[in-house]
2 protein chains.
Amino acid sequence: MTEANPFRPVDDTARGLARDLIEGATYGALATLQPGKTMPSVSRIALATDEAGGLVTLISTLADHTRALHANPACALLIGEPGEAGDPLTHPRLTLHAEARFVARDSAEHGHLRARYLALRPKAKLYVDFTDFGFVCFEISEALLNGGFGKAWRLASADLAPDQRTT
Amino acid sequence: MTEANPFRPVDDTARGLARDLIEGATYGALATLQPGKTMPSVSRIALATDEAGGLVTLISTLADHTRALHANPACALLIGEPGEAGDPLTHPRLTLHAEARFVARDSAEHGHLRARYLALRPKAKLYVDFTDFGFVCFEISEALLNGGFGKAWRLASADLAPDQRTT
């Protein structure tokens with residue numbers, strides 16, 4: 001069987017589009033491995049950027065996905081949601097393969113993330129200080145960008161850095 | 001450690017909401033296992049219902065998710081997308097744990113699905129007959145319904161059947 005390579009060479013257009021999707025993400029689909037199984041699950045989480053331009057979420061230990069990330073931090077995110085009028089298959093979206101890193105609630109990093117997150121997502125003040133909630137940073141290893149039918153790129157972590165926009 | 005059970009008892013409200021999300025899904029996030037790894041991936045796919053009220057997609061063998069489903073048909077879907085104005089964390093969404101079943105292109109089932117799918121998603125006529133495209137049915141084992149903050153239900157496959165709406 002011959003298999004076509006559906007991916008285009010990475011260029012600044014792809015890097016810029018990926019960066020825009022990251023900057024604009026208020027939520028996304030988080031894929032995890034179900035603990036003790038070879039089955040994935042997927043759920044919606046809120047997202048925001050951290051100071052370095054990475055992605056962070058604020059989640060509860062009561063949620064299945066939090067237990068799954070504790071058992072296996074390997075995960076994936078899908079961001080870039082079409083509006084109601086958009087065609088879901090032509091709207092750009094980005095798959096991110098990542099490791100979840102839990103941020104200790106008594107750390108200085110938690111304080112920085114809390115201040116930034118509340119500035120970006122003011123509604124989160126209702127639950128940010130609940131004892132079951134905490135921040136999780138996503139350490140991205142690679143990304144797949146789909147810009148619509150036939151327009152796909154496979155990007156490395158470095159292609160997603162904020163300073164790529166000015167090169 | 002004490003852990004609260006965040007799930008409510010399943011009732012007809014939950015069954016009806018889950019059914020509405022399935023009937024209304026034009027696309028969703030598909031979580032798969034990356035072949036040969038203990039890492040998930042997640043991507044956007046088009047969705048429609050089949051005659052029995054289940055979910056079906058039309059995907060290309062060139063896509064990573066198709067190869068992943070061939071290697072391990074255990075997967076998960078997230079449906080129920082907020083509009084542009086909606087709050088993503090209060091908008092109802094449904095996680096479905098499922099097995100993917102590939103439909104042979106030379107089968108009678110393919111013909112039935114093709115006719116129904118094109119009636120529901122006319123734009124798919126542009127690629128439905130490409131040799132790399134085929135239908136995949138999702139055999140759902142369980143579902144997690146999140147109706148917004150603090151409103152969660154764990155549903156069995158039988159709770160998702162279309163005839164549940166009239167009970």
# chains A, B, ... in the order shown; residues from 1 in each chain; ligands from 1
call {"tool": "select_by_dssp", "arguments": {"residues": "range 13-95 of chain B", "states": "alpha helix (DSSP H)", "output": "list of chain:residue names"}}
result
B:Thr13, B:Ala14, B:Arg15, B:Gly16, B:Leu17, B:Ala18, B:Arg19, B:Asp20, B:Leu21, B:Ile22, B:Glu23, B:Gly24, B:Asp64, B:His65, B:Thr66, B:Arg67, B:Ala68, B:Leu69, B:His70, B:Ala71
call {"tool": "calpha_fit_and_write", "arguments": {"fixed": "chain B", "moving": "chain A", "output": "compact mmCIF listing (two decimals) with N, CA and C atoms, in the first residue's frame"}}
result
# COMPACT_ATOMS: atom_id res chain seq x y z
N MET A 1 -8.25 10.05 52.27
CA MET A 1 -8.91 11.12 51.52
C MET A 1 -10.35 10.73 51.24
N THR A 2 -11.28 11.58 51.59
CA THR A 2 -12.68 11.34 51.23
C THR A 2 -12.92 11.95 49.86
N GLU A 3 -13.72 11.27 49.05
CA GLU A 3 -14.00 11.79 47.72
C GLU A 3 -15.50 11.86 47.52
N ALA A 4 -15.98 13.02 47.22
CA ALA A 4 -17.40 13.19 46.94
C ALA A 4 -17.72 12.52 45.60
N ASN A 5 -18.93 11.99 45.50
CA ASN A 5 -19.41 11.48 44.22
C ASN A 5 -20.11 12.62 43.49
N PRO A 6 -19.51 13.10 42.41
CA PRO A 6 -20.09 14.27 41.76
C PRO A 6 -21.25 13.94 40.81
N PHE A 7 -21.65 12.68 40.73
CA PHE A 7 -22.67 12.30 39.75
C PHE A 7 -24.06 12.23 40.36
N ARG A 8 -25.05 12.71 39.62
CA ARG A 8 -26.45 12.64 40.03
C ARG A 8 -27.08 11.34 39.53
N PRO A 9 -28.17 10.89 40.15
CA PRO A 9 -28.88 9.71 39.63
C PRO A 9 -29.42 9.99 38.23
N VAL A 10 -29.31 9.01 37.34
CA VAL A 10 -29.77 9.19 35.96
C VAL A 10 -31.30 9.29 35.94
N ASP A 11 -31.80 10.30 35.25
CA ASP A 11 -33.25 10.47 35.12
C ASP A 11 -33.58 10.83 33.66
N ASP A 12 -34.87 11.04 33.38
CA ASP A 12 -35.27 11.33 32.00
C ASP A 12 -34.74 12.67 31.51
N THR A 13 -34.52 13.61 32.42
CA THR A 13 -33.91 14.88 32.03
C THR A 13 -32.52 14.63 31.45
N ALA A 14 -31.74 13.82 32.14
CA ALA A 14 -30.39 13.50 31.66
C ALA A 14 -30.45 12.73 30.34
N ARG A 15 -31.36 11.74 30.27
CA ARG A 15 -31.47 10.95 29.03
C ARG A 15 -31.88 11.83 27.85
N GLY A 16 -32.82 12.74 28.08
CA GLY A 16 -33.28 13.62 27.01
C GLY A 16 -32.19 14.57 26.56
N LEU A 17 -31.44 15.11 27.51
CA LEU A 17 -30.36 16.03 27.17
C LEU A 17 -29.26 15.32 26.38
N ALA A 18 -28.93 14.09 26.81
CA ALA A 18 -27.92 13.32 26.09
C ALA A 18 -28.38 13.01 24.67
N ARG A 19 -29.65 12.64 24.54
CA ARG A 19 -30.18 12.31 23.21
C ARG A 19 -30.17 13.53 22.31
N ASP A 20 -30.53 14.71 22.87
CA ASP A 20 -30.50 15.94 22.08
C ASP A 20 -29.08 16.26 21.60
N LEU A 21 -28.10 16.03 22.45
CA LEU A 21 -26.71 16.31 22.07
C LEU A 21 -26.28 15.37 20.93
N ILE A 22 -26.70 14.10 21.01
CA ILE A 22 -26.35 13.14 19.95
C ILE A 22 -27.03 13.53 18.63
N GLU A 23 -28.33 13.83 18.71
CA GLU A 23 -29.07 14.19 17.49
C GLU A 23 -28.51 15.45 16.83
N GLY A 24 -28.01 16.37 17.67
CA GLY A 24 -27.56 17.66 17.15
C GLY A 24 -26.10 17.72 16.75
N ALA A 25 -25.37 16.62 16.96
CA ALA A 25 -23.92 16.67 16.74
C ALA A 25 -23.58 16.64 15.25
N THR A 26 -22.97 17.71 14.75
CA THR A 26 -22.46 17.70 13.38
C THR A 26 -20.96 17.41 13.37
N TYR A 27 -20.33 17.57 14.50
CA TYR A 27 -18.90 17.25 14.62
C TYR A 27 -18.59 17.02 16.09
N GLY A 28 -17.38 16.53 16.34
CA GLY A 28 -16.98 16.30 17.72
C GLY A 28 -15.48 16.09 17.80
N ALA A 29 -15.01 15.95 19.04
CA ALA A 29 -13.59 15.65 19.27
C ALA A 29 -13.46 14.15 19.49
N LEU A 30 -12.61 13.52 18.69
CA LEU A 30 -12.37 12.08 18.77
C LEU A 30 -11.03 11.83 19.46
N ALA A 31 -11.06 11.14 20.60
CA ALA A 31 -9.84 10.75 21.29
C ALA A 31 -9.49 9.32 20.92
N THR A 32 -8.23 9.11 20.56
CA THR A 32 -7.72 7.79 20.20
C THR A 32 -6.45 7.52 20.99
N LEU A 33 -6.00 6.27 20.96
CA LEU A 33 -4.68 5.95 21.50
C LEU A 33 -3.68 6.03 20.37
N GLN A 34 -2.54 6.68 20.58
CA GLN A 34 -1.51 6.70 19.55
C GLN A 34 -0.93 5.29 19.41
N PRO A 35 -0.85 4.79 18.16
CA PRO A 35 -0.41 3.40 17.97
C PRO A 35 0.97 3.14 18.60
N GLY A 36 1.04 2.08 19.39
CA GLY A 36 2.30 1.68 20.00
C GLY A 36 2.72 2.53 21.17
N LYS A 37 1.86 3.43 21.63
CA LYS A 37 2.22 4.31 22.75
C LYS A 37 1.11 4.28 23.81
N THR A 38 1.45 4.73 25.01
CA THR A 38 0.43 4.93 26.03
C THR A 38 0.12 6.42 26.12
N MET A 39 -0.14 7.01 24.94
CA MET A 39 -0.46 8.43 24.84
C MET A 39 -1.69 8.59 23.97
N PRO A 40 -2.63 9.41 24.40
CA PRO A 40 -3.79 9.66 23.55
C PRO A 40 -3.52 10.76 22.54
N SER A 41 -4.37 10.85 21.55
CA SER A 41 -4.42 12.01 20.68
C SER A 41 -5.89 12.42 20.57
N VAL A 42 -6.13 13.57 19.98
CA VAL A 42 -7.51 14.04 19.85
C VAL A 42 -7.62 14.91 18.60
N SER A 43 -8.68 14.71 17.84
CA SER A 43 -8.84 15.44 16.59
C SER A 43 -10.32 15.67 16.33
N ARG A 44 -10.60 16.56 15.39
CA ARG A 44 -12.00 16.87 15.06
C ARG A 44 -12.48 15.97 13.93
N ILE A 45 -13.67 15.43 14.09
CA ILE A 45 -14.28 14.65 13.02
C ILE A 45 -15.72 15.11 12.81
N ALA A 46 -16.21 14.89 11.60
CA ALA A 46 -17.62 15.13 11.30
C ALA A 46 -18.45 13.98 11.87
N LEU A 47 -19.68 14.27 12.26
CA LEU A 47 -20.56 13.25 12.82
C LEU A 47 -21.96 13.38 12.25
N ALA A 48 -22.66 12.26 12.23
CA ALA A 48 -24.09 12.24 11.91
C ALA A 48 -24.66 11.01 12.60
N THR A 49 -25.99 10.94 12.67
CA THR A 49 -26.61 9.74 13.24
C THR A 49 -26.87 8.73 12.14
N ASP A 50 -26.86 7.44 12.52
CA ASP A 50 -27.30 6.40 11.60
C ASP A 50 -28.79 6.13 11.83
N GLU A 51 -29.34 5.17 11.13
CA GLU A 51 -30.80 4.94 11.21
C GLU A 51 -31.24 4.53 12.61
N ALA A 52 -30.35 3.88 13.36
CA ALA A 52 -30.70 3.42 14.70
C ALA A 52 -30.48 4.50 15.76
N GLY A 53 -30.02 5.68 15.32
CA GLY A 53 -29.79 6.76 16.28
C GLY A 53 -28.40 6.76 16.87
N GLY A 54 -27.52 5.90 16.37
CA GLY A 54 -26.12 5.90 16.80
C GLY A 54 -25.32 6.96 16.05
N LEU A 55 -24.05 7.08 16.39
CA LEU A 55 -23.19 8.07 15.74
C LEU A 55 -22.27 7.40 14.74
N VAL A 56 -22.07 8.07 13.61
CA VAL A 56 -21.21 7.58 12.54
C VAL A 56 -20.37 8.74 12.03
N THR A 57 -19.16 8.43 11.57
CA THR A 57 -18.32 9.43 10.94
C THR A 57 -17.84 8.92 9.59
N LEU A 58 -17.32 9.84 8.79
CA LEU A 58 -16.76 9.53 7.47
C LEU A 58 -15.34 10.07 7.48
N ILE A 59 -14.35 9.15 7.50
CA ILE A 59 -12.96 9.58 7.67
C ILE A 59 -12.05 8.93 6.64
N SER A 60 -10.87 9.55 6.50
CA SER A 60 -9.89 9.12 5.50
C SER A 60 -8.81 8.25 6.12
N THR A 61 -8.38 7.24 5.39
CA THR A 61 -7.27 6.41 5.86
C THR A 61 -5.97 7.19 5.96
N LEU A 62 -5.90 8.38 5.33
CA LEU A 62 -4.69 9.20 5.42
C LEU A 62 -4.55 9.88 6.77
N ALA A 63 -5.64 9.93 7.53
CA ALA A 63 -5.62 10.66 8.80
C ALA A 63 -5.03 9.80 9.92
N ASP A 64 -4.28 10.45 10.81
CA ASP A 64 -3.69 9.76 11.97
C ASP A 64 -4.76 9.03 12.79
N HIS A 65 -5.93 9.67 12.97
CA HIS A 65 -6.93 9.04 13.84
C HIS A 65 -7.47 7.73 13.24
N THR A 66 -7.50 7.64 11.92
CA THR A 66 -7.97 6.40 11.29
C THR A 66 -6.98 5.26 11.53
N ARG A 67 -5.69 5.56 11.38
CA ARG A 67 -4.67 4.54 11.69
C ARG A 67 -4.74 4.14 13.15
N ALA A 68 -4.97 5.11 14.02
CA ALA A 68 -5.05 4.82 15.46
C ALA A 68 -6.24 3.90 15.75
N LEU A 69 -7.38 4.16 15.11
CA LEU A 69 -8.57 3.32 15.35
C LEU A 69 -8.40 1.92 14.79
N HIS A 70 -7.64 1.79 13.68
CA HIS A 70 -7.34 0.45 13.17
C HIS A 70 -6.48 -0.32 14.17
N ALA A 71 -5.52 0.36 14.78
CA ALA A 71 -4.63 -0.30 15.75
C ALA A 71 -5.35 -0.60 17.06
N ASN A 72 -6.25 0.29 17.48
CA ASN A 72 -6.99 0.11 18.74
C ASN A 72 -8.33 0.83 18.61
N PRO A 73 -9.41 0.07 18.45
CA PRO A 73 -10.72 0.71 18.20
C PRO A 73 -11.32 1.37 19.44
N ALA A 74 -10.72 1.20 20.61
CA ALA A 74 -11.24 1.88 21.81
C ALA A 74 -11.02 3.38 21.67
N CYS A 75 -12.07 4.15 21.85
CA CYS A 75 -11.96 5.59 21.61
C CYS A 75 -12.98 6.33 22.45
N ALA A 76 -12.98 7.64 22.34
CA ALA A 76 -13.94 8.47 23.06
C ALA A 76 -14.30 9.65 22.20
N LEU A 77 -15.53 10.12 22.35
CA LEU A 77 -16.03 11.29 21.62
C LEU A 77 -16.49 12.34 22.61
N LEU A 78 -16.26 13.60 22.28
CA LEU A 78 -16.84 14.72 23.03
C LEU A 78 -17.72 15.50 22.07
N ILE A 79 -18.99 15.62 22.40
CA ILE A 79 -19.92 16.39 21.58
C ILE A 79 -20.65 17.42 22.44
N GLY A 80 -21.26 18.40 21.77
CA GLY A 80 -21.97 19.47 22.47
C GLY A 80 -21.12 20.70 22.52
N GLU A 81 -21.09 21.45 21.41
CA GLU A 81 -20.16 22.58 21.31
C GLU A 81 -20.88 23.88 21.62
N PRO A 82 -20.28 24.71 22.46
CA PRO A 82 -20.89 26.01 22.74
C PRO A 82 -20.79 26.92 21.52
N GLY A 83 -21.75 27.78 21.33
CA GLY A 83 -21.62 28.80 20.30
C GLY A 83 -20.60 29.85 20.73
N GLU A 84 -20.40 30.82 19.86
CA GLU A 84 -19.38 31.84 20.15
C GLU A 84 -19.71 32.62 21.42
N ALA A 85 -20.99 32.82 21.68
CA ALA A 85 -21.38 33.65 22.83
C ALA A 85 -21.50 32.82 24.10
N GLY A 86 -21.51 31.50 23.98
CA GLY A 86 -21.78 30.67 25.14
C GLY A 86 -20.59 30.55 26.08
N ASP A 87 -20.88 30.29 27.35
CA ASP A 87 -19.82 29.99 28.31
C ASP A 87 -19.47 28.51 28.14
N PRO A 88 -18.23 28.20 27.76
CA PRO A 88 -17.88 26.80 27.45
C PRO A 88 -18.04 25.86 28.63
N LEU A 89 -17.98 26.38 29.86
CA LEU A 89 -18.05 25.49 31.02
C LEU A 89 -19.47 25.30 31.55
N THR A 90 -20.42 26.07 31.05
CA THR A 90 -21.81 25.83 31.45
C THR A 90 -22.60 25.18 30.32
N HIS A 91 -22.05 25.16 29.11
CA HIS A 91 -22.75 24.55 27.98
C HIS A 91 -22.72 23.03 28.13
N PRO A 92 -23.87 22.36 27.95
CA PRO A 92 -23.91 20.90 28.11
C PRO A 92 -23.00 20.19 27.10
N ARG A 93 -22.34 19.17 27.57
CA ARG A 93 -21.51 18.34 26.66
C ARG A 93 -21.55 16.90 27.15
N LEU A 94 -21.20 16.02 26.21
CA LEU A 94 -21.34 14.58 26.45
C LEU A 94 -20.06 13.88 26.03
N THR A 95 -19.47 13.13 26.94
CA THR A 95 -18.34 12.26 26.63
C THR A 95 -18.86 10.85 26.39
N LEU A 96 -18.48 10.27 25.28
CA LEU A 96 -18.92 8.91 24.94
C LEU A 96 -17.71 8.00 24.86
N HIS A 97 -17.73 6.90 25.60
CA HIS A 97 -16.69 5.88 25.47
C HIS A 97 -17.21 4.82 24.50
N ALA A 98 -16.38 4.46 23.53
CA ALA A 98 -16.90 3.66 22.42
C ALA A 98 -15.82 2.78 21.81
N GLU A 99 -16.29 1.86 20.99
CA GLU A 99 -15.43 1.08 20.09
C GLU A 99 -15.77 1.50 18.67
N ALA A 100 -14.75 1.76 17.88
CA ALA A 100 -14.98 2.11 16.48
C ALA A 100 -15.13 0.83 15.65
N ARG A 101 -16.14 0.84 14.79
CA ARG A 101 -16.35 -0.31 13.89
C ARG A 101 -16.31 0.20 12.45
N PHE A 102 -15.33 -0.28 11.68
CA PHE A 102 -15.17 0.14 10.29
C PHE A 102 -16.20 -0.58 9.40
N VAL A 103 -16.81 0.15 8.50
CA VAL A 103 -17.82 -0.41 7.60
C VAL A 103 -17.17 -0.64 6.23
N ALA A 104 -17.22 -1.88 5.76
CA ALA A 104 -16.60 -2.21 4.46
C ALA A 104 -17.27 -1.42 3.34
N ARG A 105 -16.46 -0.89 2.41
CA ARG A 105 -17.00 -0.04 1.34
C ARG A 105 -17.87 -0.81 0.35
N ASP A 106 -17.68 -2.13 0.28
CA ASP A 106 -18.48 -2.90 -0.69
C ASP A 106 -19.69 -3.56 -0.02
N SER A 107 -20.02 -3.11 1.20
CA SER A 107 -21.14 -3.73 1.92
C SER A 107 -22.45 -2.99 1.66
N ALA A 108 -23.56 -3.69 1.90
CA ALA A 108 -24.87 -3.04 1.82
C ALA A 108 -24.98 -1.93 2.86
N GLU A 109 -24.38 -2.16 4.04
CA GLU A 109 -24.44 -1.16 5.11
C GLU A 109 -23.81 0.16 4.64
N HIS A 110 -22.69 0.04 3.88
CA HIS A 110 -22.06 1.25 3.35
C HIS A 110 -23.03 2.04 2.47
N GLY A 111 -23.76 1.30 1.63
CA GLY A 111 -24.72 1.97 0.75
C GLY A 111 -25.81 2.71 1.51
N HIS A 112 -26.33 2.06 2.56
CA HIS A 112 -27.36 2.71 3.38
C HIS A 112 -26.81 3.94 4.08
N LEU A 113 -25.61 3.77 4.67
CA LEU A 113 -25.02 4.90 5.40
C LEU A 113 -24.69 6.05 4.45
N ARG A 114 -24.20 5.72 3.25
CA ARG A 114 -23.83 6.74 2.27
C ARG A 114 -25.06 7.60 1.90
N ALA A 115 -26.19 6.91 1.64
CA ALA A 115 -27.40 7.65 1.25
C ALA A 115 -27.89 8.56 2.38
N ARG A 116 -27.90 8.01 3.60
CA ARG A 116 -28.37 8.80 4.74
C ARG A 116 -27.42 9.96 5.03
N TYR A 117 -26.12 9.66 5.01
CA TYR A 117 -25.12 10.68 5.35
C TYR A 117 -25.18 11.84 4.36
N LEU A 118 -25.32 11.53 3.08
CA LEU A 118 -25.38 12.60 2.07
C LEU A 118 -26.65 13.42 2.19
N ALA A 119 -27.73 12.76 2.64
CA ALA A 119 -28.96 13.52 2.87
C ALA A 119 -28.79 14.50 4.03
N LEU A 120 -28.06 14.06 5.06
CA LEU A 120 -27.85 14.90 6.25
C LEU A 120 -26.71 15.90 6.06
N ARG A 121 -25.67 15.51 5.31
CA ARG A 121 -24.45 16.32 5.15
C ARG A 121 -24.11 16.42 3.67
N PRO A 122 -24.88 17.22 2.93
CA PRO A 122 -24.72 17.24 1.46
C PRO A 122 -23.31 17.61 0.98
N LYS A 123 -22.59 18.41 1.76
CA LYS A 123 -21.23 18.79 1.33
C LYS A 123 -20.30 17.58 1.22
N ALA A 124 -20.62 16.50 1.91
CA ALA A 124 -19.76 15.33 1.89
C ALA A 124 -19.72 14.64 0.54
N LYS A 125 -20.61 15.04 -0.39
CA LYS A 125 -20.58 14.40 -1.71
C LYS A 125 -19.27 14.69 -2.44
N LEU A 126 -18.57 15.75 -2.01
CA LEU A 126 -17.28 16.09 -2.61
C LEU A 126 -16.21 15.02 -2.38
N TYR A 127 -16.33 14.25 -1.30
CA TYR A 127 -15.27 13.29 -0.98
C TYR A 127 -15.76 11.91 -0.55
N VAL A 128 -17.08 11.70 -0.45
CA VAL A 128 -17.57 10.42 0.07
C VAL A 128 -17.11 9.24 -0.78
N ASP A 129 -16.90 9.46 -2.08
CA ASP A 129 -16.50 8.35 -2.94
C ASP A 129 -15.00 8.28 -3.20
N PHE A 130 -14.21 9.13 -2.55
CA PHE A 130 -12.76 8.97 -2.62
C PHE A 130 -12.41 7.60 -2.02
N THR A 131 -11.44 6.93 -2.64
CA THR A 131 -11.17 5.55 -2.21
C THR A 131 -10.58 5.48 -0.80
N ASP A 132 -10.03 6.58 -0.30
CA ASP A 132 -9.46 6.54 1.05
C ASP A 132 -10.50 6.84 2.14
N PHE A 133 -11.74 7.19 1.75
CA PHE A 133 -12.76 7.53 2.75
C PHE A 133 -13.69 6.36 3.05
N GLY A 134 -14.09 6.25 4.30
CA GLY A 134 -15.02 5.20 4.68
C GLY A 134 -15.77 5.57 5.94
N PHE A 135 -16.84 4.84 6.19
CA PHE A 135 -17.66 5.10 7.38
C PHE A 135 -17.18 4.28 8.57
N VAL A 136 -17.27 4.89 9.73
CA VAL A 136 -16.95 4.24 10.99
C VAL A 136 -18.12 4.48 11.94
N CYS A 137 -18.67 3.39 12.48
CA CYS A 137 -19.75 3.50 13.48
C CYS A 137 -19.15 3.40 14.88
N PHE A 138 -19.75 4.14 15.80
CA PHE A 138 -19.26 4.12 17.19
C PHE A 138 -20.22 3.31 18.05
N GLU A 139 -19.71 2.20 18.60
CA GLU A 139 -20.50 1.35 19.49
C GLU A 139 -20.24 1.86 20.91
N ILE A 140 -21.22 2.58 21.45
CA ILE A 140 -21.03 3.29 22.71
C ILE A 140 -21.23 2.36 23.91
N SER A 141 -20.31 2.40 24.87
CA SER A 141 -20.43 1.57 26.07
C SER A 141 -20.92 2.37 27.27
N GLU A 142 -20.53 3.62 27.39
CA GLU A 142 -21.00 4.45 28.50
C GLU A 142 -20.82 5.91 28.14
N ALA A 143 -21.46 6.77 28.90
CA ALA A 143 -21.40 8.20 28.61
C ALA A 143 -21.32 8.99 29.89
N LEU A 144 -20.65 10.13 29.82
CA LEU A 144 -20.62 11.09 30.92
C LEU A 144 -21.22 12.38 30.41
N LEU A 145 -22.29 12.80 31.04
CA LEU A 145 -22.99 14.01 30.64
C LEU A 145 -22.68 15.10 31.64
N ASN A 146 -22.23 16.23 31.11
CA ASN A 146 -21.96 17.37 31.98
C ASN A 146 -22.88 18.51 31.55
N GLY A 147 -23.84 18.81 32.40
CA GLY A 147 -24.83 19.84 32.08
C GLY A 147 -24.46 21.21 32.59
N GLY A 148 -23.22 21.38 32.98
CA GLY A 148 -22.77 22.64 33.56
C GLY A 148 -22.22 22.39 34.95
N PHE A 149 -21.70 23.41 35.57
CA PHE A 149 -21.02 23.30 36.86
C PHE A 149 -21.86 22.52 37.88
N GLY A 150 -21.34 21.40 38.36
CA GLY A 150 -22.02 20.64 39.40
C GLY A 150 -23.15 19.75 38.93
N LYS A 151 -23.39 19.70 37.60
CA LYS A 151 -24.48 18.86 37.08
C LYS A 151 -23.91 17.79 36.18
N ALA A 152 -23.60 16.63 36.74
CA ALA A 152 -22.97 15.55 35.98
C ALA A 152 -23.72 14.24 36.19
N TRP A 153 -23.80 13.48 35.13
CA TRP A 153 -24.45 12.17 35.17
C TRP A 153 -23.55 11.15 34.45
N ARG A 154 -23.58 9.91 34.93
CA ARG A 154 -22.89 8.82 34.24
C ARG A 154 -23.98 7.92 33.68
N LEU A 155 -24.03 7.79 32.36
CA LEU A 155 -25.12 7.07 31.70
C LEU A 155 -24.62 5.77 31.07
N ALA A 156 -25.51 4.79 31.05
CA ALA A 156 -25.22 3.54 30.34
C ALA A 156 -25.66 3.69 28.88
N SER A 157 -25.18 2.76 28.05
CA SER A 157 -25.52 2.77 26.63
C SER A 157 -27.04 2.81 26.43
N ALA A 158 -27.79 2.05 27.23
CA ALA A 158 -29.25 1.98 27.05
C ALA A 158 -29.92 3.32 27.32
N ASP A 159 -29.30 4.16 28.15
CA ASP A 159 -29.88 5.48 28.43
C ASP A 159 -29.84 6.40 27.21
N LEU A 160 -29.04 6.03 26.21
CA LEU A 160 -28.84 6.89 25.05
C LEU A 160 -29.75 6.54 23.88
N ALA A 161 -30.50 5.45 24.01
CA ALA A 161 -31.34 4.99 22.89
C ALA A 161 -32.44 5.99 22.60
N PRO A 162 -32.79 6.15 21.30
CA PRO A 162 -33.81 7.12 20.94
C PRO A 162 -35.14 6.92 21.67
N ASP A 163 -35.53 5.67 21.94
CA ASP A 163 -36.85 5.45 22.55
C ASP A 163 -36.91 5.85 24.01
N GLN A 164 -35.77 6.20 24.61
CA GLN A 164 -35.77 6.69 25.99
C GLN A 164 -36.51 8.01 26.10
N ARG A 165 -36.63 8.74 24.99
CA ARG A 165 -37.23 10.07 25.06
C ARG A 165 -38.71 10.01 25.41
N THR A 166 -39.35 8.88 25.09
CA THR A 166 -40.80 8.81 25.25
C THR A 166 -41.18 8.10 26.55
N THR A 167 -40.21 7.63 27.31
CA THR A 167 -40.56 6.94 28.57
C THR A 167 -40.94 7.96 29.62
call {"tool": "select_by_dssp", "arguments": {"residues": "chain A", "states": "strand (DSSP E or B)", "output": "MDAnalysis selection string"}}
result
chainID A and resid 7:8 27:33 40:46 48:49 55:60 74:79 93:102 133:146 152:156
call {"tool": "decode", "arguments": {"residues": "range 98-139 of chain B", "atoms": "C-alpha atoms", "output": "mmCIF file, in the first residue's frame"}}
result
data_model
loop_
_atom_site.group_PDB
_atom_site.id
_atom_site.type_symbol
_atom_site.label_atom_id
_atom_site.label_comp_id
_atom_site.auth_asym_id
_atom_site.auth_seq_id
_atom_site.Cartn_x
_atom_site.Cartn_y
_atom_site.Cartn_z
ATOM 1 C CA ALA B 98 -16.897 3.673 22.435
ATOM 2 C CA GLU B 99 -15.432 1.090 20.092
ATOM 3 C CA ALA B 100 -14.972 2.110 16.481
ATOM 4 C CA ARG B 101 -16.342 -0.317 13.887
ATOM 5 C CA PHE B 102 -15.166 0.131 10.275
ATOM 6 C CA VAL B 103 -17.819 -0.408 7.599
ATOM 7 C CA ALA B 104 -16.604 -2.206 4.458
ATOM 8 C CA ARG B 105 -17.000 -0.048 1.342
ATOM 9 C CA ASP B 106 -18.483 -2.910 -0.680
ATOM 10 C CA SER B 107 -21.159 -3.747 1.923
ATOM 11 C CA ALA B 108 -24.896 -3.050 1.837
ATOM 12 C CA GLU B 109 -24.436 -1.155 5.109
ATOM 13 C CA HIS B 110 -22.053 1.246 3.356
ATOM 14 C CA GLY B 111 -24.722 1.967 0.750
ATOM 15 C CA HIS B 112 -27.365 2.699 3.396
ATOM 16 C CA LEU B 113 -25.011 4.895 5.404
ATOM 17 C CA ARG B 114 -23.840 6.723 2.272
ATOM 18 C CA ALA B 115 -27.404 7.632 1.265
ATOM 19 C CA ARG B 116 -28.367 8.790 4.748
ATOM 20 C CA TYR B 117 -25.124 10.666 5.356
ATOM 21 C CA LEU B 118 -25.371 12.587 2.071
ATOM 22 C CA ALA B 119 -28.976 13.522 2.869
ATOM 23 C CA LEU B 120 -27.848 14.900 6.255
ATOM 24 C CA ARG B 121 -24.458 16.329 5.156
ATOM 25 C CA PRO B 122 -24.731 17.246 1.456
ATOM 26 C CA LYS B 123 -21.241 18.798 1.321
ATOM 27 C CA ALA B 124 -19.755 15.326 1.898
ATOM 28 C CA LYS B 125 -20.601 14.408 -1.715
ATOM 29 C CA LEU B 126 -17.294 16.086 -2.619
ATOM 30 C CA TYR B 127 -15.288 13.285 -0.986
ATOM 31 C CA VAL B 128 -17.574 10.427 0.073
ATOM 32 C CA ASP B 129 -16.515 8.339 -2.946
ATOM 33 C CA PHE B 130 -12.771 8.977 -2.628
ATOM 34 C CA THR B 131 -11.190 5.534 -2.210
ATOM 35 C CA ASP B 132 -9.492 6.515 1.060
ATOM 36 C CA PHE B 133 -12.766 7.522 2.751
ATOM 37 C CA GLY B 134 -15.022 5.177 4.684
ATOM 38 C CA PHE B 135 -17.669 5.092 7.387
ATOM 39 C CA VAL B 136 -16.947 4.231 11.001
ATOM 40 C CA CYS B 137 -19.748 3.494 13.485
ATOM 41 C CA PHE B 138 -19.249 4.125 17.194
ATOM 42 C CA GLU B 139 -20.494 1.355 19.509
#
